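Source file entry16.cif; content: mmCIF, C-alpha atoms.
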```cif
data_start
#
loop_
_atom_site.label_atom_id
_atom_site.label_comp_id
_atom_site.auth_asym_id
_atom_site.auth_seq_id
_atom_site.Cartn_x
_atom_site.Cartn_y
_atom_site.Cartn_z
CA MET A 1 -92.15 15.23 2.46
CA THR A 2 -89.81 17.99 3.59
CA MET A 3 -86.78 18.35 1.34
CA SER A 4 -83.31 19.13 2.62
CA VAL A 5 -82.01 22.68 2.23
CA SER A 6 -79.07 21.48 0.11
CA ARG A 7 -81.32 19.61 -2.32
CA ILE A 8 -83.57 22.63 -2.79
CA ALA A 9 -80.54 24.94 -3.13
CA GLN A 10 -79.09 22.67 -5.82
CA ALA A 11 -82.38 22.58 -7.75
CA VAL A 12 -82.79 26.38 -7.58
CA ALA A 13 -79.16 27.04 -8.60
CA VAL A 14 -79.29 24.59 -11.53
CA LYS A 15 -82.62 26.05 -12.67
CA ASP A 16 -81.33 29.66 -12.50
CA LEU A 17 -78.08 28.85 -14.32
CA ARG A 18 -79.92 26.89 -17.01
CA ILE A 19 -82.24 29.85 -17.57
CA GLU A 20 -79.26 32.21 -17.82
CA LEU A 21 -77.48 29.93 -20.29
CA ARG A 22 -80.59 29.90 -22.48
CA SER A 23 -81.47 33.59 -22.22
CA ARG A 24 -77.79 34.67 -22.55
CA ILE A 25 -78.45 37.85 -20.58
CA VAL A 26 -75.01 37.62 -18.96
CA THR A 27 -73.09 37.09 -22.19
CA ASN A 28 -75.16 39.41 -24.41
CA GLN A 29 -75.93 42.24 -22.01
CA VAL A 30 -74.09 42.20 -18.68
CA LEU A 31 -70.66 41.34 -20.05
CA PRO A 32 -70.68 43.99 -22.82
CA PHE A 33 -72.03 46.53 -20.31
CA SER A 34 -69.25 45.89 -17.78
CA GLY A 35 -66.64 45.76 -20.56
CA LEU A 36 -67.84 49.14 -21.79
CA VAL A 37 -67.59 50.57 -18.28
CA MET A 38 -63.93 49.43 -18.16
CA VAL A 39 -63.15 50.92 -21.57
CA MET A 40 -64.90 54.20 -20.71
CA PHE A 41 -62.79 54.49 -17.55
CA ALA A 42 -59.67 53.89 -19.65
CA PHE A 43 -60.67 56.71 -22.02
CA ALA A 44 -61.67 59.04 -19.20
CA LEU A 45 -58.49 58.59 -17.13
CA ASP A 46 -56.16 58.24 -20.17
CA SER A 47 -52.96 57.66 -18.22
CA ASP A 48 -51.22 54.31 -17.68
CA ASP A 49 -49.92 55.32 -14.27
CA VAL A 50 -53.34 56.41 -13.02
CA LEU A 51 -55.07 53.39 -14.55
CA GLN A 52 -52.62 50.96 -12.94
CA GLY A 53 -53.20 52.67 -9.60
CA VAL A 54 -56.99 52.50 -9.77
CA ALA A 55 -57.42 49.26 -11.77
CA GLY A 56 -58.67 47.28 -8.76
CA GLY A 57 -61.30 49.86 -7.88
CA LEU A 58 -62.52 50.06 -11.47
CA VAL A 59 -62.94 46.29 -11.73
CA TRP A 60 -64.96 46.20 -8.51
CA LEU A 61 -67.08 49.21 -9.52
CA ALA A 62 -67.90 47.51 -12.84
CA THR A 63 -68.72 44.31 -10.90
CA ILE A 64 -71.08 46.13 -8.53
CA PHE A 65 -72.88 47.91 -11.39
CA SER A 66 -73.32 44.51 -13.05
CA LEU A 67 -74.52 43.02 -9.75
CA PHE A 68 -77.62 45.25 -9.87
CA ILE A 69 -78.55 43.90 -13.29
CA LEU A 70 -77.89 40.30 -12.28
CA VAL A 71 -79.91 40.53 -9.06
CA GLN A 72 -82.85 42.16 -10.83
CA ARG A 73 -82.72 39.48 -13.50
CA SER A 74 -82.46 36.72 -10.87
CA PHE A 75 -85.71 37.82 -9.22
CA ALA A 76 -87.48 38.88 -12.44
CA ILE A 77 -87.55 35.21 -13.50
CA GLU A 78 -89.21 34.34 -10.18
CA VAL A 79 -91.88 37.06 -10.16
CA SER A 80 -92.72 37.38 -13.88
CA ASP A 81 -95.12 34.41 -13.79
CA GLY A 82 -95.65 34.19 -10.04
CA ALA A 83 -93.12 31.38 -9.39
CA LEU A 84 -91.91 32.93 -6.12
CA ASP A 85 -95.52 33.00 -4.90
CA SER A 86 -95.91 29.35 -5.87
CA LEU A 87 -92.74 28.42 -3.99
CA ARG A 88 -94.03 30.22 -0.91
CA VAL A 89 -97.46 28.58 -1.13
CA ALA A 90 -95.82 25.18 -1.52
CA GLY A 91 -93.91 25.75 1.72
CA VAL A 92 -90.54 25.24 -0.02
CA ASN A 93 -87.82 25.97 2.54
CA PRO A 94 -86.79 29.63 1.96
CA GLN A 95 -83.25 28.87 3.15
CA GLY A 96 -82.87 26.54 0.18
CA ILE A 97 -84.17 29.24 -2.18
CA PHE A 98 -81.77 31.80 -0.66
CA LEU A 99 -78.76 29.49 -0.94
CA GLY A 100 -79.65 28.36 -4.46
CA LYS A 101 -80.08 31.88 -5.78
CA SER A 102 -76.86 32.98 -4.02
CA ILE A 103 -74.92 30.10 -5.62
CA SER A 104 -76.25 30.97 -9.07
CA LEU A 105 -75.37 34.64 -8.58
CA PHE A 106 -71.92 33.67 -7.28
CA VAL A 107 -71.18 31.57 -10.40
CA GLN A 108 -72.34 34.34 -12.76
CA LEU A 109 -70.32 37.00 -10.90
CA ILE A 110 -67.18 34.85 -10.90
CA ALA A 111 -67.46 34.35 -14.68
CA LEU A 112 -67.89 38.10 -15.10
CA GLU A 113 -64.97 38.97 -12.82
CA VAL A 114 -62.58 36.62 -14.66
CA VAL A 115 -63.29 38.55 -17.86
CA LEU A 116 -63.02 41.92 -16.07
CA PHE A 117 -59.65 41.08 -14.50
CA LEU A 118 -58.31 39.83 -17.83
CA THR A 119 -59.54 43.10 -19.38
CA ALA A 120 -57.74 45.05 -16.63
CA VAL A 121 -54.49 43.17 -17.33
CA VAL A 122 -54.75 43.96 -21.05
CA LEU A 123 -56.21 47.48 -20.93
CA TYR A 124 -54.57 48.88 -17.81
CA ARG A 125 -51.33 46.82 -18.04
CA VAL A 126 -51.36 45.73 -14.40
CA SER A 127 -48.92 43.01 -13.35
CA LEU A 128 -49.56 40.07 -11.06
CA GLY A 129 -47.02 37.82 -9.28
CA GLY A 130 -47.53 34.38 -7.71
CA ALA A 131 -48.25 35.66 -4.17
CA GLY A 132 -50.47 38.37 -5.65
CA LEU A 133 -52.45 35.78 -7.57
CA VAL A 134 -53.19 33.78 -4.39
CA LEU A 135 -54.35 36.97 -2.67
CA LEU A 136 -56.43 38.01 -5.68
CA VAL A 137 -58.20 34.62 -5.96
CA THR A 138 -58.99 34.59 -2.22
CA CYS A 139 -60.20 38.20 -2.43
CA VAL A 140 -62.40 37.47 -5.47
CA VAL A 141 -63.97 34.38 -3.85
CA SER A 142 -64.74 36.07 -0.52
CA ALA A 143 -65.90 39.37 -2.06
CA THR A 144 -68.11 37.56 -4.57
CA ALA A 145 -69.64 35.39 -1.84
CA GLY A 146 -70.50 38.56 0.09
CA LEU A 147 -71.97 40.24 -3.00
CA ALA A 148 -73.99 37.13 -3.90
CA PHE A 149 -75.45 36.84 -0.38
CA VAL A 150 -76.27 40.52 0.03
CA GLY A 151 -77.58 40.75 -3.55
CA THR A 152 -79.93 37.80 -3.00
CA LEU A 153 -81.09 39.20 0.33
CA TYR A 154 -81.94 42.62 -1.10
CA GLY A 155 -83.30 41.09 -4.31
CA GLY A 156 -85.78 39.13 -2.17
CA LEU A 157 -86.61 42.23 -0.15
CA THR A 158 -87.47 44.30 -3.24
CA ALA A 159 -88.91 41.46 -5.38
CA GLY A 160 -92.52 42.38 -4.70
CA ALA A 161 -92.03 46.13 -4.36
CA ARG A 162 -93.20 48.78 -6.80
CA GLY A 163 -90.30 50.51 -8.55
CA ARG A 164 -87.92 47.70 -7.59
CA GLU A 165 -85.62 48.52 -10.55
CA THR A 166 -84.64 51.84 -8.97
CA LEU A 167 -85.15 50.80 -5.36
CA LEU A 168 -82.62 47.96 -5.50
CA PRO A 169 -79.49 50.05 -6.37
CA LEU A 170 -80.59 52.71 -3.87
CA LEU A 171 -80.76 50.16 -1.04
CA LEU A 172 -77.88 47.95 -2.13
CA LEU A 173 -75.20 50.50 -2.97
CA PRO A 174 -74.59 51.74 0.61
CA VAL A 175 -74.60 48.15 1.93
CA VAL A 176 -71.96 46.92 -0.55
CA ALA A 177 -69.65 49.89 0.17
CA PRO A 178 -67.53 47.80 2.62
CA VAL A 179 -67.05 45.17 -0.13
CA LEU A 180 -66.05 47.83 -2.66
CA ILE A 181 -63.53 49.37 -0.27
CA SER A 182 -62.06 46.12 1.07
CA ALA A 183 -61.92 44.35 -2.29
CA THR A 184 -60.30 47.41 -3.89
CA ARG A 185 -57.61 47.59 -1.19
CA ALA A 186 -56.93 43.84 -1.41
CA THR A 187 -56.77 43.99 -5.22
CA GLU A 188 -54.38 46.95 -5.10
CA ALA A 189 -52.15 44.85 -2.84
CA ALA A 190 -52.38 41.89 -5.24
CA PHE A 191 -51.38 44.16 -8.13
CA THR A 192 -48.80 45.87 -5.86
CA SER A 193 -50.24 49.18 -7.08
CA ASN A 194 -49.33 52.48 -5.39
CA GLY A 195 -46.37 50.87 -3.56
CA VAL A 196 -48.62 48.54 -1.53
CA THR A 197 -47.22 45.09 -0.69
CA VAL A 198 -49.13 41.82 -1.09
CA SER A 199 -49.12 41.12 2.67
CA GLU A 200 -51.04 44.34 3.29
CA GLY A 201 -53.99 42.90 1.36
CA TRP A 202 -54.78 40.00 3.71
CA PRO A 203 -56.49 42.02 6.50
CA TRP A 204 -58.90 43.35 3.84
CA VAL A 205 -59.67 39.78 2.76
CA ALA A 206 -60.55 39.03 6.39
CA VAL A 207 -63.05 41.94 6.30
CA LEU A 208 -64.56 40.47 3.12
CA ALA A 209 -64.84 37.03 4.74
CA VAL A 210 -66.61 38.50 7.79
CA PHE A 211 -68.99 40.44 5.49
CA ALA A 212 -69.81 37.25 3.57
CA ALA A 213 -70.35 35.29 6.79
CA VAL A 214 -72.64 37.97 8.29
CA PHE A 215 -74.81 38.33 5.20
CA GLY A 216 -74.80 34.59 4.51
CA LEU A 217 -76.06 33.85 8.00
CA GLY A 218 -78.38 36.88 8.04
CA GLY A 219 -79.85 35.82 4.70
CA LEU A 220 -80.44 32.24 5.83
CA LEU A 221 -82.25 33.47 8.93
CA SER A 222 -84.30 36.28 7.41
CA PHE A 223 -84.98 35.44 3.75
CA GLY A 224 -88.22 33.61 4.60
CA SER A 225 -89.69 36.65 6.35
CA LEU A 226 -88.50 38.99 3.59
CA ILE A 227 -90.35 37.18 0.82
CA GLU A 228 -93.54 36.82 2.88
CA GLU A 229 -96.44 39.03 1.87
CA MET B 230 -110.65 8.79 9.46
CA GLN B 231 -109.86 12.15 7.90
CA PRO B 232 -112.19 15.05 8.75
CA THR B 233 -114.86 15.71 6.11
CA ARG B 234 -114.74 19.49 6.43
CA VAL B 235 -111.41 20.71 5.04
CA ILE B 236 -112.05 24.47 4.91
CA ASP B 237 -114.07 26.18 7.62
CA PHE B 238 -114.19 30.00 7.87
CA VAL B 239 -116.49 31.65 10.41
CA ASP B 240 -116.89 35.44 10.32
CA ALA B 241 -113.31 35.67 8.98
CA VAL B 242 -111.78 39.09 8.32
CA ALA B 243 -108.67 39.49 6.16
CA VAL B 244 -106.99 42.77 5.35
CA TYR B 245 -105.17 43.31 2.07
CA ASN B 246 -103.27 46.57 1.41
CA ASP B 247 -105.03 48.19 4.41
CA TYR B 248 -108.42 47.29 2.91
CA PRO B 249 -110.72 44.70 4.55
CA ALA B 250 -110.96 42.47 1.47
CA LEU B 251 -112.80 39.82 3.50
CA ALA B 252 -115.24 41.50 5.87
CA GLY B 253 -116.64 38.62 7.92
CA VAL B 254 -116.85 35.60 5.62
CA THR B 255 -118.51 32.37 6.73
CA PHE B 256 -117.70 29.61 4.28
CA SER B 257 -116.96 25.89 4.34
CA VAL B 258 -115.88 23.18 1.93
CA ASP B 259 -116.02 19.40 2.40
CA ARG B 260 -113.44 16.89 1.21
CA GLN B 261 -113.58 16.04 -2.53
CA GLU B 262 -116.08 18.83 -3.13
CA ILE B 263 -115.77 21.26 -6.06
CA VAL B 264 -116.96 24.72 -4.99
CA LEU B 265 -117.34 27.77 -7.21
CA LEU B 266 -116.63 31.26 -5.88
CA GLN B 267 -118.32 33.90 -7.97
CA GLY B 268 -118.82 37.63 -7.72
CA PRO B 269 -117.86 40.90 -9.38
CA ASN B 270 -114.30 42.20 -9.52
CA GLY B 271 -113.15 43.28 -6.05
CA ALA B 272 -115.65 40.97 -4.31
CA GLY B 273 -112.85 39.19 -2.44
CA LYS B 274 -112.61 35.92 -4.43
CA THR B 275 -108.84 36.07 -4.91
CA THR B 276 -108.30 37.24 -1.31
CA LEU B 277 -110.39 34.32 -0.02
CA LEU B 278 -108.31 31.86 -2.07
CA ARG B 279 -105.06 33.42 -0.86
CA ALA B 280 -106.30 33.38 2.74
CA CYS B 281 -107.16 29.65 2.34
CA ALA B 282 -103.58 29.11 1.07
CA GLY B 283 -102.18 30.88 4.14
CA LEU B 284 -100.75 33.75 2.11
CA ILE B 285 -102.94 36.46 3.66
CA PRO B 286 -103.49 36.45 7.43
CA VAL B 287 -106.99 36.18 8.88
CA VAL B 288 -107.04 38.89 11.54
CA ARG B 289 -110.48 38.26 13.08
CA GLY B 290 -112.98 35.43 13.24
CA SER B 291 -111.97 31.82 12.89
CA ALA B 292 -110.37 30.08 9.91
CA HIS B 293 -109.46 26.40 9.77
CA VAL B 294 -107.87 24.63 6.79
CA LEU B 295 -107.34 20.87 7.02
CA GLY B 296 -108.06 21.14 10.73
CA VAL B 297 -105.33 23.76 11.32
CA ASP B 298 -106.23 27.18 12.74
CA ILE B 299 -104.58 29.37 10.09
CA ALA B 300 -105.07 32.51 12.17
CA ILE B 301 -102.35 31.00 14.40
CA ASP B 302 -100.34 28.78 12.04
CA ARG B 303 -100.25 29.56 8.31
CA GLU B 304 -97.07 27.59 7.60
CA SER B 305 -98.00 23.98 8.33
CA ILE B 306 -100.80 23.77 5.74
CA ARG B 307 -98.72 25.07 2.84
CA GLU B 308 -97.35 21.74 1.70
CA ARG B 309 -100.91 20.40 1.54
CA VAL B 310 -102.55 23.27 -0.34
CA GLY B 311 -101.96 24.25 -3.97
CA LEU B 312 -102.83 27.68 -5.35
CA LEU B 313 -102.95 28.41 -9.04
CA GLY B 314 -103.62 32.10 -9.51
CA HIS B 315 -103.87 34.28 -12.59
CA GLN B 316 -100.22 33.41 -13.21
CA ASN B 317 -98.94 29.89 -13.79
CA GLY B 318 -95.76 30.03 -11.68
CA LEU B 319 -93.69 28.62 -14.56
CA PHE B 320 -90.23 29.47 -15.93
CA ALA B 321 -90.61 30.56 -19.54
CA GLU B 322 -87.10 29.60 -20.69
CA LEU B 323 -87.43 26.03 -19.40
CA THR B 324 -89.27 23.16 -21.05
CA ILE B 325 -92.40 21.62 -19.54
CA ALA B 326 -90.35 18.60 -18.41
CA GLU B 327 -87.74 20.85 -16.74
CA ASN B 328 -90.45 22.85 -14.95
CA VAL B 329 -92.12 19.67 -13.64
CA ASP B 330 -88.69 18.21 -12.74
CA PHE B 331 -87.86 21.35 -10.75
CA TRP B 332 -91.10 21.13 -8.80
CA SER B 333 -90.65 17.40 -8.26
CA THR B 334 -87.21 18.02 -6.78
CA VAL B 335 -88.14 20.87 -4.45
CA VAL B 336 -91.18 19.04 -3.05
CA GLY B 337 -89.52 15.61 -2.96
CA ALA B 338 -91.75 13.84 -5.48
CA THR B 339 -90.52 10.56 -6.95
CA ARG B 340 -89.79 9.96 -10.64
CA ALA B 341 -92.93 7.79 -10.84
CA GLU B 342 -95.07 10.59 -9.36
CA ARG B 343 -93.56 13.05 -11.83
CA ASP B 344 -94.30 10.75 -14.78
CA ALA B 345 -97.84 10.11 -13.52
CA ALA B 346 -98.50 13.86 -13.25
CA MET B 347 -97.32 14.42 -16.82
CA GLN B 348 -99.44 11.54 -18.05
CA ARG B 349 -102.48 12.79 -16.16
CA MET B 350 -102.16 16.16 -17.92
CA SER B 351 -101.72 14.42 -21.31
CA ILE B 352 -98.20 15.80 -21.68
CA ASP B 353 -96.39 13.46 -24.05
CA GLY B 354 -92.66 13.34 -24.90
CA LYS B 355 -92.78 15.86 -27.75
CA LEU B 356 -94.83 18.41 -25.83
CA ALA B 357 -92.75 17.87 -22.67
CA ASN B 358 -89.62 19.06 -24.47
CA ARG B 359 -91.10 22.34 -25.65
CA ARG B 360 -90.21 25.54 -23.84
CA VAL B 361 -93.01 27.18 -21.86
CA SER B 362 -92.51 30.42 -23.84
CA GLU B 363 -93.60 28.53 -26.99
CA LEU B 364 -96.81 27.09 -25.52
CA SER B 365 -100.45 28.10 -25.88
CA ALA B 366 -102.33 29.37 -22.82
CA GLY B 367 -104.04 25.99 -22.44
CA GLN B 368 -100.77 24.06 -22.59
CA LYS B 369 -99.25 26.39 -19.98
CA ARG B 370 -102.27 25.77 -17.72
CA ARG B 371 -101.83 22.01 -18.13
CA CYS B 372 -98.14 22.32 -17.25
CA ALA B 373 -99.02 24.40 -14.16
CA LEU B 374 -101.57 21.78 -13.12
CA ALA B 375 -98.95 19.04 -13.58
CA CYS B 376 -96.72 20.98 -11.17
CA LEU B 377 -99.68 21.14 -8.76
CA VAL B 378 -100.20 17.38 -9.05
CA VAL B 379 -96.56 16.52 -8.22
CA ARG B 380 -96.97 18.59 -5.06
CA ARG B 381 -99.71 16.14 -3.97
CA ALA B 382 -101.88 19.08 -2.88
CA GLU B 383 -105.01 17.98 -1.04
CA ILE B 384 -106.80 21.27 -1.73
CA TRP B 385 -106.60 22.96 -5.12
CA LEU B 386 -107.36 26.67 -5.09
CA LEU B 387 -107.79 27.89 -8.65
CA ASP B 388 -108.25 31.52 -9.66
CA GLU B 389 -109.85 31.88 -13.09
CA PRO B 390 -108.58 28.54 -14.42
CA HIS B 391 -110.45 29.03 -17.71
CA ALA B 392 -109.08 32.52 -18.42
CA GLY B 393 -107.44 32.88 -21.84
CA LEU B 394 -108.36 29.36 -22.97
CA ASP B 395 -110.31 28.31 -26.05
CA ALA B 396 -113.31 25.95 -25.80
CA LYS B 397 -111.13 22.84 -26.12
CA GLY B 398 -108.73 24.09 -23.45
CA ARG B 399 -111.63 24.84 -21.10
CA ASP B 400 -113.08 21.36 -21.60
CA GLU B 401 -109.66 19.84 -20.86
CA ILE B 402 -109.35 21.82 -17.62
CA ASP B 403 -112.87 20.78 -16.54
CA LEU B 404 -112.06 17.13 -17.17
CA ILE B 405 -108.80 17.40 -15.22
CA LEU B 406 -110.59 19.01 -12.27
CA LYS B 407 -113.32 16.35 -12.22
CA GLU B 408 -110.69 13.60 -12.29
CA ALA B 409 -108.71 15.30 -9.52
CA ALA B 410 -111.82 15.52 -7.32
CA SER B 411 -112.58 11.84 -7.98
CA ALA B 412 -108.99 11.03 -7.01
CA GLY B 413 -109.44 12.76 -3.64
CA ALA B 414 -108.66 16.45 -4.17
CA THR B 415 -110.87 19.23 -2.86
CA ILE B 416 -111.22 22.06 -5.35
CA VAL B 417 -112.22 25.70 -4.93
CA VAL B 418 -112.56 27.63 -8.18
CA ALA B 419 -112.97 31.40 -8.48
CA SER B 420 -114.39 32.18 -11.89
CA HIS B 421 -116.29 34.69 -13.97
CA GLU B 422 -117.28 31.79 -16.25
CA VAL B 423 -120.27 31.12 -14.01
CA GLU B 424 -122.30 28.85 -16.31
CA ARG B 425 -119.35 26.62 -17.15
CA ALA B 426 -118.07 26.49 -13.57
CA GLN B 427 -121.55 25.78 -12.18
CA GLN B 428 -121.68 22.61 -14.30
CA LEU B 429 -118.44 21.57 -12.65
CA ALA B 430 -119.19 22.61 -9.06
CA SER B 431 -121.52 21.09 -6.51
CA ARG B 432 -122.07 24.46 -4.81
CA THR B 433 -121.71 28.13 -5.72
CA VAL B 434 -120.70 30.72 -3.15
CA SER B 435 -121.49 34.31 -4.15
CA LEU B 436 -119.26 37.04 -2.78
CA VAL B 437 -119.97 40.77 -2.82
CA ALA B 438 -117.68 43.38 -1.26
CA GLY B 439 -115.96 40.88 1.00
CA HIS B 440 -119.20 39.27 2.25
CA VAL B 441 -120.87 35.97 1.34
CA ARG B 442 -124.18 36.96 -0.25
CA GLY B 443 -125.51 33.50 -0.95
CA VAL B 444 -124.81 29.80 -1.36
CA SER B 445 -126.63 27.72 -3.95
#
```

Is it possible to give me this structure as structure tokens?
Amino acid sequence: MTMSVSRIAQAVAVKDLRIELRSRIVTNQVLPFSGLVMVMFAFALDSDDVLQGVAGGLVWLATIFSLFILVQRSFAIEVSDGALDSLRVAGVNPQGIFLGKSISLFVQLIALEVVLFLTAVVLYRVSLGGAGLVLLVTCVVSATAGLAFVGTLYGGLTAGARGRETLLPLLLLPVVAPVLISATRATEAAFTSNGVTVSEGWPWVAVLAVFAAVFGLGGLLSFGSLIEE
Amino acid sequence: MQPTRVIDFVDAVAVYNDYPALAGVTFSVDRQEIVLLQGPNGAGKTTLLRACAGLIPVVRGSAHVLGVDIAIDRESIRERVGLLGHQNGLFAELTIAENVDFWSTVVGATRAERDAAMQRMSIDGKLANRRVSELSAGQKRRCALACLVVRRAEIWLLDEPHAGLDAKGRDEIDLILKEAASAGATIVVASHEVERAQQLASRTVSLVAGHVRGVS
């Protein structure tokens, strides 16, 4: 019996999130790591004016550093006992696997970003109005969708490779540069940092949405070939 | 009437990591048969199993699995073939029940089929709720076989199924395999445990350096 993509995606996402809840990698390792990155930036820059100006960029840099750990973890649970191989042998629809792993990554990244933005408000003393909040939420959702799709795609690509721990950041960092730039600009607009208005942030959100759509579609079409031997 | 011959390789060549791991293998298996593949390390046993599962392409010769030419189409047989390699394909942080549930969902097995698979592997309620990371090697193997059963695989390809098990665990695996063959499965076992596996198998295929050196 061939299962629907949505059913497989749901099973994969629930399985991944349950494993993360039990292993507590996100809460015990990723969250403290990204929090430390934020604090280190605060020490290094040591100026409220500068910090308020660059707060958006720092949050997204910390998110992208954490993305590498999350993606590696997401695929380590699949390859450590040959589960990805078993899924391939069983002919499980790779689109379902791609979507499920992307959803799980999306949820984990959103949880992380909520904490990072709250940290930025406290540590860097950035302010956020009503219109800014709407822009920020839209920016976070579209940027995170893009990061989750591209992270899953490249995680699948490097899952079976030797030296995947170092290969993944090397391949992924240039690809996520448009997300880093666009999300930083949109977040600056949401925080009205550097004299930027909220309305100036929306074109950057459109770039993020296009990025997410391209990598979402690209991942659905190519993930099966990427995880083939 | 289903065809009797379910695996039929004639002069098949498969390349793995630029090395001809199968260098012209002629090999066949009939329905409900248990066949042992034996040979030294590097003989091509694992490659032959992976080629039968459609994971490694056959680049020359002919190779049919369940009547499908896998040199042309490796995808359509996958739902009907189960491969259990050196690894179990399980998620260590999940319980046995959650692992079997996951497999049941992704392959579309019913609750009754899931329960039957657990029962067939003698996985009771207490054991079912233990995490895979807490299990013995034999219990992990039983859990992996339960996941294979829910997939309703017609051909079971097993690579060293006795590895890491104590005598009791090995006996349990043998019993499970005999029952599976009686229930309609075709089983190909690659093993270094030749004496034990020969008691289980109806035929032994000896591989050396990617060639079949004998069938007994």

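Distances to chain A were evaluated for B:Asn317, B:Thr276, B:Gln261, B:Asn270 using all atoms listed in the file, and the minimum falls at B:Asn317.
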
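Once the PyMOL selection byres ((chain A and resi 222) around 12) is applied to this file, the selection holds Asn93, Pro94, Gln95, Ile97, Phe98, Phe149, Val150, Thr152, Leu153, Tyr154, Gly156, Leu157, Val214, Phe215, Gly216, Leu217, Gly218, Gly219, Leu220, Leu221, Phe223, Gly224, Ser225, Leu226, Ile227 and Glu228 of chain A.
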
Result set of the PyMOL selection byres ((chain A) within 7 of (chain B)) on the coordinates above, as a PyMOL selection string: chain A and resi 1-3+8+11+19+22+77+81-83+86+89-92+229

The PyMOL selection byres ((chain A and resi 49-61) around 8) resolved against shown file, as a PyMOL selection string: chain A and resi 38+41-42+45-48+62-65+113+116-117+120+124-126+180-181+183-185+187-188+191+193-194

Quick one: residues within 9 Å of Leu136 (chain A), only C-alpha atoms, excluding same-chain residues fewer than 6 positions away - as a CSV table (one decimal) with C-alpha atoms, in the coordinates of the input?
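Final file, selection-v7.csv:
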```csv
chain,number,residue,atom,x,y,z
A,128,LEU,CA,-49.6,40.1,-11.1
A,186,ALA,CA,-56.9,43.8,-1.4
A,187,THR,CA,-56.8,44.0,-5.2
A,189,ALA,CA,-52.2,44.8,-2.8
A,190,ALA,CA,-52.4,41.9,-5.2
A,191,PHE,CA,-51.4,44.2,-8.1
A,201,GLY,CA,-54.0,42.9,1.4
```

Long-range neighbours of Glu342 (chain B) as a count of residues only, 9 Å cut-off, only C-alpha atoms, 3 positions minimum in chain: 8

Using all atoms listed in the file: which of B:Asp403, B:Asp240, B:Glu422, B:Asp259 has the shortest distance to Glu389 (chain B): B:Glu422

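When CA of Ser445 (chain B) is paired with CA of Arg432 (chain B), their separation reads 5.7 Å.
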